[in-house]
$ cat input.pdb   # PDB, C-alpha atoms
ATOM      1  CA  MET W   1       0.000   0.000   0.000
ATOM      2  CA  GLU W   2       2.749   2.428   0.922
ATOM      3  CA  GLY W   3       4.585   1.580  -2.270
ATOM      4  CA  ALA W   4       1.466   2.350  -4.283
ATOM      5  CA  ILE W   5       0.768   5.640  -2.527
ATOM      6  CA  LYS W   6       4.332   6.865  -2.797
ATOM      7  CA  ASN W   7       4.472   5.981  -6.463
ATOM      8  CA  GLY W   8       1.177   7.413  -7.585
ATOM      9  CA  ILE W   9      -0.903   4.298  -8.250
ATOM     10  CA  ASP W  10      -4.410   5.722  -8.461
ATOM     11  CA  GLY W  11      -6.061   2.338  -8.014
ATOM     12  CA  ILE W  12      -5.078   2.357  -4.342
ATOM     13  CA  VAL W  13      -6.878   4.929  -2.187
ATOM     14  CA  ALA W  14      -5.731   3.928   1.309
ATOM     15  CA  GLU W  15      -8.096   6.325   3.010
ATOM     16  CA  CYS W  16      -7.203   5.263   6.560
ATOM     17  CA  GLY W  17      -3.490   5.475   5.929
ATOM     18  CA  GLY W  18      -2.739   1.801   6.419
ATOM     19  CA  ALA W  19      -4.569   1.064   9.649
ATOM     20  CA  CYS W  20      -6.745  -1.802   8.332
ATOM     21  CA  GLN W  21      -9.836   0.294   8.825
ATOM     22  CA  CYS W  22     -11.226   1.191   5.425
ATOM     23  CA  ALA W  23     -10.690  -1.492   2.745
ATOM     24  CA  THR W  24      -9.682   1.019   0.070
ATOM     25  CA  CYS W  25      -6.309  -0.625  -0.611
ATOM     26  CA  HIS W  26      -7.989  -3.826  -1.819
ATOM     27  CA  VAL W  27      -5.906  -5.861  -4.264
ATOM     28  CA  TYR W  28      -6.138  -9.192  -6.054
ATOM     29  CA  VAL W  29      -2.901 -11.063  -5.488
ATOM     30  CA  ASP W  30      -1.453 -13.128  -8.330
ATOM     31  CA  GLU W  31      -2.123 -16.787  -7.493
ATOM     32  CA  GLY W  32       1.548 -17.677  -7.660
ATOM     33  CA  PHE W  33       2.349 -15.447  -4.705
ATOM     34  CA  LEU W  34      -0.564 -16.269  -2.407
ATOM     35  CA  GLY W  35       1.353 -18.923  -0.500
ATOM     36  CA  LEU W  36       4.174 -16.513   0.268
ATOM     37  CA  LEU W  37       1.997 -13.967   2.048
ATOM     38  CA  ASN W  38       1.430 -13.630   5.749
ATOM     39  CA  PRO W  39      -1.943 -15.113   6.734
ATOM     40  CA  ILE W  40      -5.091 -12.980   6.908
ATOM     41  CA  GLN W  41      -5.851 -11.827  10.439
ATOM     42  CA  GLU W  42      -9.370 -11.424  11.816
ATOM     43  CA  ASP W  43      -9.527  -7.643  11.363
ATOM     44  CA  GLU W  44      -8.394  -7.850   7.749
ATOM     45  CA  ASP W  45     -10.864 -10.667   7.116
ATOM     46  CA  GLN W  46     -13.706  -8.480   8.368
ATOM     47  CA  MET W  47     -12.591  -5.489   6.322
ATOM     48  CA  LEU W  48     -12.348  -7.668   3.219
ATOM     49  CA  ASN W  49     -16.083  -8.308   3.577
ATOM     50  CA  ALA W  50     -16.605  -4.588   3.033
ATOM     51  CA  THR W  51     -14.665  -3.990  -0.176
ATOM     52  CA  ALA W  52     -16.253  -1.920  -2.937
ATOM     53  CA  SER W  53     -15.411  -4.489  -5.609
ATOM     54  CA  GLU W  54     -16.213  -8.156  -5.039
ATOM     55  CA  ARG W  55     -14.066 -10.168  -2.654
ATOM     56  CA  ARG W  56     -12.334 -13.093  -4.297
ATOM     57  CA  PRO W  57     -10.224 -15.915  -2.846
ATOM     58  CA  ASN W  58      -7.075 -13.932  -3.698
ATOM     59  CA  SER W  59      -8.320 -10.658  -2.174
ATOM     60  CA  ARG W  60      -6.062  -8.912   0.312
ATOM     61  CA  LEU W  61      -5.665  -5.460   1.787
ATOM     62  CA  GLY W  62      -2.413  -3.964   0.593
ATOM     63  CA  CYS W  63      -1.724  -2.364   3.964
ATOM     64  CA  GLN W  64      -1.609  -5.768   5.639
ATOM     65  CA  ILE W  65       1.100  -7.190   3.404
ATOM     66  CA  PRO W  66       4.546  -6.363   4.770
ATOM     67  CA  VAL W  67       6.924  -6.369   1.817
ATOM     68  CA  THR W  68       9.806  -8.805   2.284
ATOM     69  CA  LYS W  69      12.639  -9.998   0.072
ATOM     70  CA  GLU W  70      10.685 -13.166  -0.692
ATOM     71  CA  LEU W  71       7.941 -11.053  -2.244
ATOM     72  CA  ASP W  72      10.278  -9.539  -4.842
ATOM     73  CA  GLY W  73       8.357  -9.485  -8.118
ATOM     74  CA  LEU W  74       4.967  -9.677  -6.398
ATOM     75  CA  ILE W  75       2.099  -9.065  -8.798
ATOM     76  CA  VAL W  76      -1.176  -7.613  -7.561
ATOM     77  CA  ARG W  77      -4.091  -6.301  -9.581
ATOM     78  CA  THR W  78      -6.207  -3.386  -8.461
ATOM     79  CA  PRO W  79      -9.984  -3.849  -8.418
ATOM     80  CA  GLU W  80     -12.392  -1.941 -10.619
ATOM     81  CA  THR W  81     -13.185   0.458  -7.799
ATOM     82  CA  GLN W  82     -12.168   1.071  -4.188
ATOM     83  CA  GLN W  83     -15.083   3.285  -3.174
TER      84      GLN W  83
ATOM     85  CA  MET I   1     -12.483  26.690 -18.348
ATOM     86  CA  SER I   2     -13.855  28.040 -15.053
ATOM     87  CA  ASN I   3     -11.890  29.272 -12.060
ATOM     88  CA  GLY I   4     -12.412  25.868 -10.556
ATOM     89  CA  VAL I   5     -12.240  24.944  -6.920
ATOM     90  CA  VAL I   6     -10.273  26.612  -4.168
ATOM     91  CA  ILE I   7      -9.943  24.527  -1.012
ATOM     92  CA  VAL I   8      -8.948  26.310   2.172
ATOM     93  CA  GLY I   9      -7.351  23.838   4.550
ATOM     94  CA  ALA I  10      -4.853  21.194   3.458
ATOM     95  CA  GLY I  11      -5.520  18.563   6.090
ATOM     96  CA  GLN I  12      -7.076  15.165   5.496
ATOM     97  CA  ALA I  13     -10.439  16.604   4.447
ATOM     98  CA  GLY I  14      -9.056  19.257   2.114
ATOM     99  CA  PHE I  15      -6.698  16.775   0.538
ATOM    100  CA  GLN I  16      -9.491  14.244   0.069
ATOM    101  CA  VAL I  17     -11.738  16.785  -1.650
ATOM    102  CA  ALA I  18      -8.982  17.599  -4.127
ATOM    103  CA  SER I  19      -8.098  13.976  -4.671
ATOM    104  CA  SER I  20     -11.706  12.808  -5.060
ATOM    105  CA  LEU I  21     -12.482  15.579  -7.540
ATOM    106  CA  ARG I  22      -9.664  14.386  -9.787
ATOM    107  CA  MET I  23     -10.498  10.696  -9.307
ATOM    108  CA  GLU I  24     -14.094  11.419 -10.331
ATOM    109  CA  GLY I  25     -12.974  13.200 -13.473
ATOM    110  CA  TYR I  26     -13.168  16.883 -12.531
ATOM    111  CA  GLU I  27     -11.038  18.803 -15.047
ATOM    112  CA  GLU I  28     -11.105  22.424 -13.866
ATOM    113  CA  PRO I  29      -8.313  24.015 -11.805
ATOM    114  CA  ILE I  30      -7.951  22.992  -8.169
ATOM    115  CA  ALA I  31      -5.980  24.942  -5.574
ATOM    116  CA  LEU I  32      -5.349  23.464  -2.127
ATOM    117  CA  ILE I  33      -4.259  26.063   0.418
ATOM    118  CA  GLY I  34      -2.825  25.269   3.839
ATOM    119  CA  ASP I  35      -1.055  27.346   6.470
ATOM    120  CA  GLU I  36       1.289  24.563   7.585
ATOM    121  CA  PRO I  37       4.630  24.325   5.819
ATOM    122  CA  ASN I  38       4.780  20.649   4.869
ATOM    123  CA  LEU I  39       2.953  18.357   2.467
ATOM    124  CA  PRO I  40      -0.554  17.409   3.635
ATOM    125  CA  TYR I  41      -0.173  14.584   6.128
ATOM    126  CA  GLN I  42      -2.086  12.229   8.383
ATOM    127  CA  ARG I  43      -2.483  13.311  11.959
ATOM    128  CA  PRO I  44      -3.529   9.979  13.533
ATOM    129  CA  PRO I  45      -0.010   8.414  13.538
ATOM    130  CA  LEU I  46       1.513  11.438  15.298
ATOM    131  CA  SER I  47       0.326  10.353  18.734
ATOM    132  CA  LYS I  48       1.165   6.673  18.297
ATOM    133  CA  GLY I  49       3.178   5.041  15.471
ATOM    134  CA  PHE I  50       5.350   8.073  14.916
ATOM    135  CA  MET I  51       5.834   8.730  18.628
ATOM    136  CA  VAL I  52       7.182   5.234  19.312
ATOM    137  CA  GLY I  53       9.409   5.268  16.238
ATOM    138  CA  LYS I  54       7.441   2.852  14.061
ATOM    139  CA  GLN I  55       6.919   5.450  11.369
ATOM    140  CA  ASP I  56       9.051   8.395  10.278
ATOM    141  CA  ILE I  57       7.549  11.828   9.814
ATOM    142  CA  GLU I  58       7.922  11.697   6.031
ATOM    143  CA  GLY I  59       5.825   8.527   6.111
ATOM    144  CA  THR I  60       2.836  10.479   7.387
ATOM    145  CA  ALA I  61       2.497  12.411   4.106
ATOM    146  CA  LEU I  62      -0.813  11.596   2.468
ATOM    147  CA  ARG I  63       0.809  11.702  -0.984
ATOM    148  CA  PRO I  64       4.205  12.721  -2.371
ATOM    149  CA  LEU I  65       4.629  16.080  -4.089
ATOM    150  CA  ALA I  66       4.517  14.365  -7.492
ATOM    151  CA  PHE I  67       0.901  13.389  -6.845
ATOM    152  CA  TYR I  68      -0.222  17.019  -6.746
ATOM    153  CA  GLN I  69       1.800  17.920  -9.803
ATOM    154  CA  GLY I  70       0.605  14.870 -11.690
ATOM    155  CA  HIS I  71      -3.045  15.608 -10.926
ATOM    156  CA  ARG I  72      -2.839  19.351 -11.565
ATOM    157  CA  ILE I  73      -3.620  20.210  -7.974
ATOM    158  CA  GLU I  74      -1.922  23.451  -7.090
ATOM    159  CA  LEU I  75      -0.667  22.967  -3.566
ATOM    160  CA  VAL I  76      -0.073  26.225  -1.715
ATOM    161  CA  THR I  77       1.564  25.519   1.659
ATOM    162  CA  GLY I  78       2.595  27.942   4.379
ATOM    163  CA  ALA I  79      -0.102  30.295   3.184
ATOM    164  CA  LYS I  80      -2.619  32.118   5.309
ATOM    165  CA  VAL I  81      -5.974  33.125   3.887
ATOM    166  CA  THR I  82      -6.759  36.667   4.996
ATOM    167  CA  GLU I  83      -9.951  37.422   3.138
ATOM    168  CA  ILE I  84     -12.744  35.792   1.209
ATOM    169  CA  ASP I  85     -14.596  37.944  -1.279
ATOM    170  CA  LEU I  86     -17.918  36.162  -1.633
ATOM    171  CA  VAL I  87     -19.261  38.596  -4.206
ATOM    172  CA  GLY I  88     -16.159  38.683  -6.367
ATOM    173  CA  ARG I  89     -15.480  35.004  -5.714
ATOM    174  CA  SER I  90     -11.870  35.164  -4.761
ATOM    175  CA  VAL I  91      -9.605  34.339  -1.847
ATOM    176  CA  SER I  92      -6.771  36.605  -0.685
ATOM    177  CA  LEU I  93      -3.580  35.308   0.843
ATOM    178  CA  ALA I  94      -1.276  37.053   3.297
ATOM    179  CA  SER I  95       1.310  37.112   0.512
ATOM    180  CA  GLY I  96      -0.966  39.455  -1.419
ATOM    181  CA  ARG I  97      -1.955  36.851  -3.966
ATOM    182  CA  HIS I  98      -5.593  36.513  -5.025
ATOM    183  CA  LEU I  99      -7.087  33.230  -6.163
ATOM    184  CA  PRO I 100     -10.398  33.392  -8.009
ATOM    185  CA  TYR I 101     -12.782  30.478  -7.569
ATOM    186  CA  GLU I 102     -15.963  29.054  -8.978
ATOM    187  CA  THR I 103     -16.486  26.907  -5.888
ATOM    188  CA  LEU I 104     -14.934  27.472  -2.482
ATOM    189  CA  VAL I 105     -14.426  24.649   0.007
ATOM    190  CA  LEU I 106     -13.678  25.458   3.637
ATOM    191  CA  ALA I 107     -11.920  22.524   5.270
ATOM    192  CA  VAL I 108     -10.203  24.481   7.985
ATOM    193  CA  GLY I 109     -10.235  21.861  10.728
ATOM    194  CA  ALA I 110      -9.974  22.534  14.434
ATOM    195  CA  ARG I 111      -7.495  23.970  16.888
ATOM    196  CA  ASN I 112      -6.217  22.762  20.210
ATOM    197  CA  ARG I 113      -7.783  24.454  23.151
ATOM    198  CA  LYS I 114      -5.214  26.656  24.828
ATOM    199  CA  LEU I 115      -4.441  25.831  28.409
ATOM    200  CA  LEU I 116      -5.519  28.823  30.474
ATOM    201  CA  VAL I 117      -3.568  28.161  33.651
ATOM    202  CA  LYS I 118      -0.599  29.876  35.173
ATOM    203  CA  GLY I 119       2.642  28.472  33.841
ATOM    204  CA  ALA I 120       1.196  27.255  30.569
ATOM    205  CA  GLU I 121       3.850  29.245  28.745
ATOM    206  CA  LEU I 122       6.748  27.437  30.431
ATOM    207  CA  ASP I 123       9.297  25.503  28.423
ATOM    208  CA  GLY I 124       8.350  21.851  28.387
ATOM    209  CA  VAL I 125       4.644  22.531  28.059
ATOM    210  CA  CYS I 126       3.769  21.318  24.574
ATOM    211  CA  TYR I 127       0.691  21.031  22.427
ATOM    212  CA  LEU I 128       0.173  18.154  20.048
ATOM    213  CA  ARG I 129      -1.633  18.783  16.818
ATOM    214  CA  THR I 130       0.793  19.362  13.951
ATOM    215  CA  ASP I 131       3.642  17.273  12.589
ATOM    216  CA  ASN I 132       6.188  19.837  13.741
ATOM    217  CA  GLU I 133       4.760  19.725  17.264
ATOM    218  CA  ALA I 134       4.967  15.933  17.222
ATOM    219  CA  VAL I 135       8.615  16.059  16.141
ATOM    220  CA  ASP I 136       9.338  18.490  18.963
ATOM    221  CA  ILE I 137       7.629  16.261  21.535
ATOM    222  CA  GLN I 138       9.451  13.192  20.257
ATOM    223  CA  HIS I 139      12.791  14.968  20.698
ATOM    224  CA  ARG I 140      11.870  16.079  24.196
ATOM    225  CA  LEU I 141      10.775  12.559  25.135
ATOM    226  CA  GLU I 142      14.306  11.318  24.529
ATOM    227  CA  HIS I 143      15.489  13.161  27.614
ATOM    228  CA  ALA I 144      12.307  13.347  29.665
ATOM    229  CA  ARG I 145      11.577  11.051  32.592
ATOM    230  CA  ASP I 146       8.201  12.194  33.878
ATOM    231  CA  ILE I 147       5.378  13.003  31.524
ATOM    232  CA  VAL I 148       2.078  14.619  32.414
ATOM    233  CA  VAL I 149      -0.603  14.444  29.760
ATOM    234  CA  ILE I 150      -3.413  16.937  30.131
ATOM    235  CA  GLY I 151      -6.518  15.612  28.457
ATOM    236  CA  GLY I 152      -7.766  12.043  28.751
ATOM    237  CA  GLY I 153      -9.309  11.756  25.300
ATOM    238  CA  PHE I 154      -8.112   9.613  22.410
ATOM    239  CA  ILE I 155      -5.023  11.661  21.620
ATOM    240  CA  GLY I 156      -4.011  12.162  25.228
ATOM    241  CA  LEU I 157      -4.318   8.459  26.004
ATOM    242  CA  GLU I 158      -2.493   7.454  22.833
ATOM    243  CA  LEU I 159       0.358   9.762  23.653
ATOM    244  CA  ALA I 160       0.381   8.507  27.247
ATOM    245  CA  ALA I 161       0.514   4.884  26.080
ATOM    246  CA  ALA I 162       3.306   5.719  23.634
ATOM    247  CA  ALA I 163       5.315   7.457  26.355
ATOM    248  CA  CYS I 164       4.835   4.427  28.617
ATOM    249  CA  LYS I 165       6.134   2.174  25.866
ATOM    250  CA  LEU I 166       9.195   4.388  25.786
ATOM    251  CA  GLY I 167       9.691   3.691  29.485
ATOM    252  CA  LYS I 168       8.542   7.035  30.828
ATOM    253  CA  SER I 169       6.644   7.644  34.025
ATOM    254  CA  VAL I 170       3.289   8.981  32.874
ATOM    255  CA  ARG I 171       0.298  10.610  34.490
ATOM    256  CA  VAL I 172      -2.904  11.613  32.764
ATOM    257  CA  LEU I 173      -5.047  14.483  33.976
ATOM    258  CA  GLU I 174      -8.623  14.779  32.826
ATOM    259  CA  VAL I 175     -10.882  17.622  33.858
ATOM    260  CA  GLN I 176     -14.036  15.533  33.749
ATOM    261  CA  SER I 177     -14.784  12.663  36.085
ATOM    262  CA  ARG I 178     -13.912   9.906  33.590
ATOM    263  CA  LEU I 179     -11.776   9.216  30.520
ATOM    264  CA  MET I 180     -12.951  10.149  27.016
ATOM    265  CA  PRO I 181     -16.201  11.568  28.384
ATOM    266  CA  ARG I 182     -17.208  13.261  25.154
ATOM    267  CA  VAL I 183     -16.874  10.207  22.940
ATOM    268  CA  VAL I 184     -17.660   7.073  24.906
ATOM    269  CA  SER I 185     -20.106   5.815  27.530
ATOM    270  CA  PRO I 186     -19.142   5.387  31.225
ATOM    271  CA  ILE I 187     -18.769   1.624  30.705
ATOM    272  CA  LEU I 188     -16.148   2.182  28.033
ATOM    273  CA  SER I 189     -14.452   4.856  30.112
ATOM    274  CA  ASP I 190     -14.082   2.315  32.927
ATOM    275  CA  PHE I 191     -12.834  -0.293  30.483
ATOM    276  CA  TYR I 192     -10.077   1.974  29.211
ATOM    277  CA  ARG I 193      -9.137   3.154  32.666
ATOM    278  CA  ASP I 194      -8.768  -0.465  33.798
ATOM    279  CA  LEU I 195      -6.863  -1.421  30.660
ATOM    280  CA  HIS I 196      -4.378   1.382  31.091
ATOM    281  CA  THR I 197      -3.998   0.838  34.811
ATOM    282  CA  ARG I 198      -3.562  -2.935  34.444
ATOM    283  CA  GLN I 199      -0.774  -2.545  31.964
ATOM    284  CA  ASN I 200       0.905  -0.182  34.342
ATOM    285  CA  LEU I 201       0.086   2.560  31.950
ATOM    286  CA  PRO I 202      -0.890   6.006  33.070
ATOM    287  CA  ARG I 203      -2.611   6.751  36.294
ATOM    288  CA  CYS I 204      -5.652   8.841  35.703
ATOM    289  CA  ARG I 205      -6.960  11.624  37.838
ATOM    290  CA  SER I 206      -9.166  14.587  37.409
ATOM    291  CA  VAL I 207      -7.797  18.059  37.337
ATOM    292  CA  GLY I 208      -9.563  21.205  38.351
ATOM    293  CA  ASP I 209      -7.779  24.515  38.377
ATOM    294  CA  TYR I 210      -4.189  23.526  38.577
ATOM    295  CA  ARG I 211      -1.106  25.640  38.167
ATOM    296  CA  LEU I 212       2.023  24.611  36.343
ATOM    297  CA  SER I 213       5.343  25.501  37.876
ATOM    298  CA  GLY I 214       8.881  24.894  36.835
TER     299      GLY I 214
END
$ encode --input "input.pdb" --output "structure tokens"
Amino acid sequence: MEGAIKNGIDGIVAECGGACQCATCHVYVDEGFLGLLNPIQEDEDQMLNATASERRPNSRLGCQIPVTKELDGLIVRTPETQQ
Amino acid sequence: MSNGVVIVGAGQAGFQVASSLRMEGYEEPIALIGDEPNLPYQRPPLSKGFMVGKQDIEGTALRPLAFYQGHRIELVTGAKVTEIDLVGRSVSLASGRHLPYETLVLAVGARNRKLLVKGAELDGVCYLRTDNEAVDIQHRLEHARDIVVIGGGFIGLELAAAACKLGKSVRVLEVQSRLMPRVVSPILSDFYRDLHTRQNLPRCRSVGDYRLSG
């Protein structure tokens, strides 16, 4: 999420600033990377039920994905809308 | 092309108006005017993540400068609005500049209440609202041992908890009879008081007309 905001990706709104409280940094994670991500916690799970575009099995909130070396090359797709 | 939108106040709300207008396809000029010197930023982290060192002050910026340039949002920082001409539809700045508008948005936010007690002007008595104030407090915390937080609302308690995490001795003073009286019910006030006390976080008391000395 921070990477998107700092680099002008309009598809990420991040209204709450990365506090897992708004679901406007919703992304669809490329299937190949899903297994490398940290698991979804309860608060993220609840927020994912409130996304503007449909929740899919590969839905995550960008702000809850800490970027690590292992995630180099990570591909995520932004949803049709965040709001 | 019209004179577009002039937004007075470059906090979260002012920024969001400008951003949303562009995201929704608004094409006319947008000027975002703020009296603080830095890029529009988020205030919530100032009393917590930033204070405990989890986030640097640059990281609180809502967007980098390139965002405003790229979206044709004229960002005017460090500028004070001195006059609004409702008939002529223009805003005057202290610098002498005039900005005409089609639509004016006032997103001027709030101010901290000033502490009207003796000694409030002493060194070491700080207010927390802006990023610069937060940076100042963070520097002072490095050398401080005892912290008194005046105000047992969200911000006061967050700052108190952050100072505790930094190993400081902290007391919270609240003028009303319970914590966060304006925003939560008595049950929640008790819950937070117990939570903070249990974790050896701040001790909470009420304060009437106190005097600061030093």
$ resolve_selection --input "input.pdb" --expression "the ChimeraX specification (/W :<8) & /I" --output "JSON, numbers by chain"
{"I": [23, 42, 62, 63, 64, 66, 67]}
$ resolve_selection --input "input.pdb" --expression "the PyMOL selection byres ((chain W and resi 76) around 7)" --output "ChimeraX atom specification"
/W:27-30,74-75,77-78
$ closest_residue --input "input.pdb" --among "I:Pro100, I:Pro40, I:Gly156, I:Pro186" --to "Gly78 in chain I" --atoms "all atoms listed in the file"
I:Pro40
$ atom_distance --input "input.pdb" --atom1 "CA of Glu142 in chain I" --atom2 "CA of Ser169 in chain I"
12.7 Å
$ closest_atom_pairs --input "input.pdb" --of "range 124-213 of chain I" --to "range 2-17 of chain I" --cutoff "12 Å" --atoms "all atoms listed in the file" --output "CSV"
residue,atom,partner,partner_atom,distance
I:Arg129,CA,I:Gly11,CA,11.4
I:Thr130,CA,I:Gly11,CA,10.1
I:Asp131,CA,I:Gly11,CA,11.3
$ resolve_selection --input "input.pdb" --expression "the PyMOL selection byres ((chain W and resi 65-72) around 12)" --output "number ranges by chain"
W: 1-4, 18-20, 25-27, 29-30, 32-41, 44, 59-64, 73-76
$ closest_residue --input "input.pdb" --among "I:Leu157, I:Cys126, I:Ala163, I:Val76" --to "Arg145 in chain I" --atoms "only C-alpha atoms"
I:Ala163
$ atom_distance --input "input.pdb" --atom1 "CA of Leu141 in chain I" --atom2 "CA of Leu128 in chain I"
13.0 Å
$ atom_distance --input "input.pdb" --atom1 "CA of Val135 in chain I" --atom2 "CA of Thr60 in chain I"
11.9 Å
$ residues_around --input "input.pdb" --residues "range 48-56 of chain W" --least-positions-apart "6" --cutoff "6 Å" --atoms "all atoms listed in the file" --output "PyMOL selection string"
chain W and resi 23+81-83
$ decode --input "input.pdb" --residues "range 157-176 of chain I" --atoms "N, CA and C atoms" --output "PDB file, in the first residue's frame"
ATOM      1  N   LEU I 157      -4.597   9.830  25.566  1.00  0.00           N
ATOM      2  CA  LEU I 157      -4.318   8.459  26.004  1.00  0.00           C
ATOM      3  C   LEU I 157      -3.343   7.768  25.062  1.00  0.00           C
ATOM      4  N   GLU I 158      -3.446   8.061  23.777  1.00  0.00           N
ATOM      5  CA  GLU I 158      -2.493   7.454  22.833  1.00  0.00           C
ATOM      6  C   GLU I 158      -1.077   7.934  23.123  1.00  0.00           C
ATOM      7  N   LEU I 159      -0.969   9.213  23.350  1.00  0.00           N
ATOM      8  CA  LEU I 159       0.358   9.762  23.653  1.00  0.00           C
ATOM      9  C   LEU I 159       0.885   9.180  24.966  1.00  0.00           C
ATOM     10  N   ALA I 160      -0.020   9.066  25.956  1.00  0.00           N
ATOM     11  CA  ALA I 160       0.381   8.507  27.247  1.00  0.00           C
ATOM     12  C   ALA I 160       0.869   7.068  27.080  1.00  0.00           C
ATOM     13  N   ALA I 161       0.124   6.281  26.301  1.00  0.00           N
ATOM     14  CA  ALA I 161       0.514   4.884  26.080  1.00  0.00           C
ATOM     15  C   ALA I 161       1.850   4.810  25.347  1.00  0.00           C
ATOM     16  N   ALA I 162       2.040   5.706  24.380  1.00  0.00           N
ATOM     17  CA  ALA I 162       3.306   5.719  23.634  1.00  0.00           C
ATOM     18  C   ALA I 162       4.463   6.064  24.562  1.00  0.00           C
ATOM     19  N   ALA I 163       4.251   7.059  25.430  1.00  0.00           N
ATOM     20  CA  ALA I 163       5.315   7.457  26.355  1.00  0.00           C
ATOM     21  C   ALA I 163       5.634   6.326  27.330  1.00  0.00           C
ATOM     22  N   CYS I 164       4.613   5.580  27.740  1.00  0.00           N
ATOM     23  CA  CYS I 164       4.835   4.427  28.617  1.00  0.00           C
ATOM     24  C   CYS I 164       5.681   3.379  27.912  1.00  0.00           C
ATOM     25  N   LYS I 165       5.352   3.148  26.641  1.00  0.00           N
ATOM     26  CA  LYS I 165       6.134   2.174  25.866  1.00  0.00           C
ATOM     27  C   LYS I 165       7.594   2.585  25.801  1.00  0.00           C
ATOM     28  N   LEU I 166       7.817   3.889  25.833  1.00  0.00           N
ATOM     29  CA  LEU I 166       9.195   4.388  25.786  1.00  0.00           C
ATOM     30  C   LEU I 166       9.841   4.395  27.167  1.00  0.00           C
ATOM     31  N   GLY I 167       9.112   3.844  28.145  1.00  0.00           N
ATOM     32  CA  GLY I 167       9.691   3.691  29.485  1.00  0.00           C
ATOM     33  C   GLY I 167       9.570   4.913  30.381  1.00  0.00           C
ATOM     34  N   LYS I 168       8.694   5.819  30.027  1.00  0.00           N
ATOM     35  CA  LYS I 168       8.542   7.035  30.828  1.00  0.00           C
ATOM     36  C   LYS I 168       7.525   6.812  31.944  1.00  0.00           C
ATOM     37  N   SER I 169       7.649   7.625  32.973  1.00  0.00           N
ATOM     38  CA  SER I 169       6.644   7.644  34.025  1.00  0.00           C
ATOM     39  C   SER I 169       5.561   8.633  33.602  1.00  0.00           C
ATOM     40  N   VAL I 170       4.337   8.174  33.507  1.00  0.00           N
ATOM     41  CA  VAL I 170       3.289   8.981  32.874  1.00  0.00           C
ATOM     42  C   VAL I 170       2.084   9.157  33.791  1.00  0.00           C
ATOM     43  N   ARG I 171       1.568  10.351  33.827  1.00  0.00           N
ATOM     44  CA  ARG I 171       0.298  10.610  34.490  1.00  0.00           C
ATOM     45  C   ARG I 171      -0.632  11.311  33.504  1.00  0.00           C
ATOM     46  N   VAL I 172      -1.903  10.975  33.624  1.00  0.00           N
ATOM     47  CA  VAL I 172      -2.904  11.613  32.764  1.00  0.00           C
ATOM     48  C   VAL I 172      -3.854  12.416  33.637  1.00  0.00           C
ATOM     49  N   LEU I 173      -4.088  13.639  33.261  1.00  0.00           N
ATOM     50  CA  LEU I 173      -5.047  14.483  33.976  1.00  0.00           C
ATOM     51  C   LEU I 173      -6.235  14.762  33.069  1.00  0.00           C
ATOM     52  N   GLU I 174      -7.409  14.542  33.620  1.00  0.00           N
ATOM     53  CA  GLU I 174      -8.623  14.779  32.826  1.00  0.00           C
ATOM     54  C   GLU I 174      -9.575  15.622  33.670  1.00  0.00           C
ATOM     55  N   VAL I 175     -10.082  16.673  33.088  1.00  0.00           N
ATOM     56  CA  VAL I 175     -10.882  17.622  33.858  1.00  0.00           C
ATOM     57  C   VAL I 175     -12.246  17.046  34.246  1.00  0.00           C
ATOM     58  N   GLN I 176     -12.748  16.142  33.419  1.00  0.00           N
ATOM     59  CA  GLN I 176     -14.036  15.533  33.749  1.00  0.00           C
ATOM     60  C   GLN I 176     -13.814  14.327  34.655  1.00  0.00           C
TER      61      GLN I 176
END
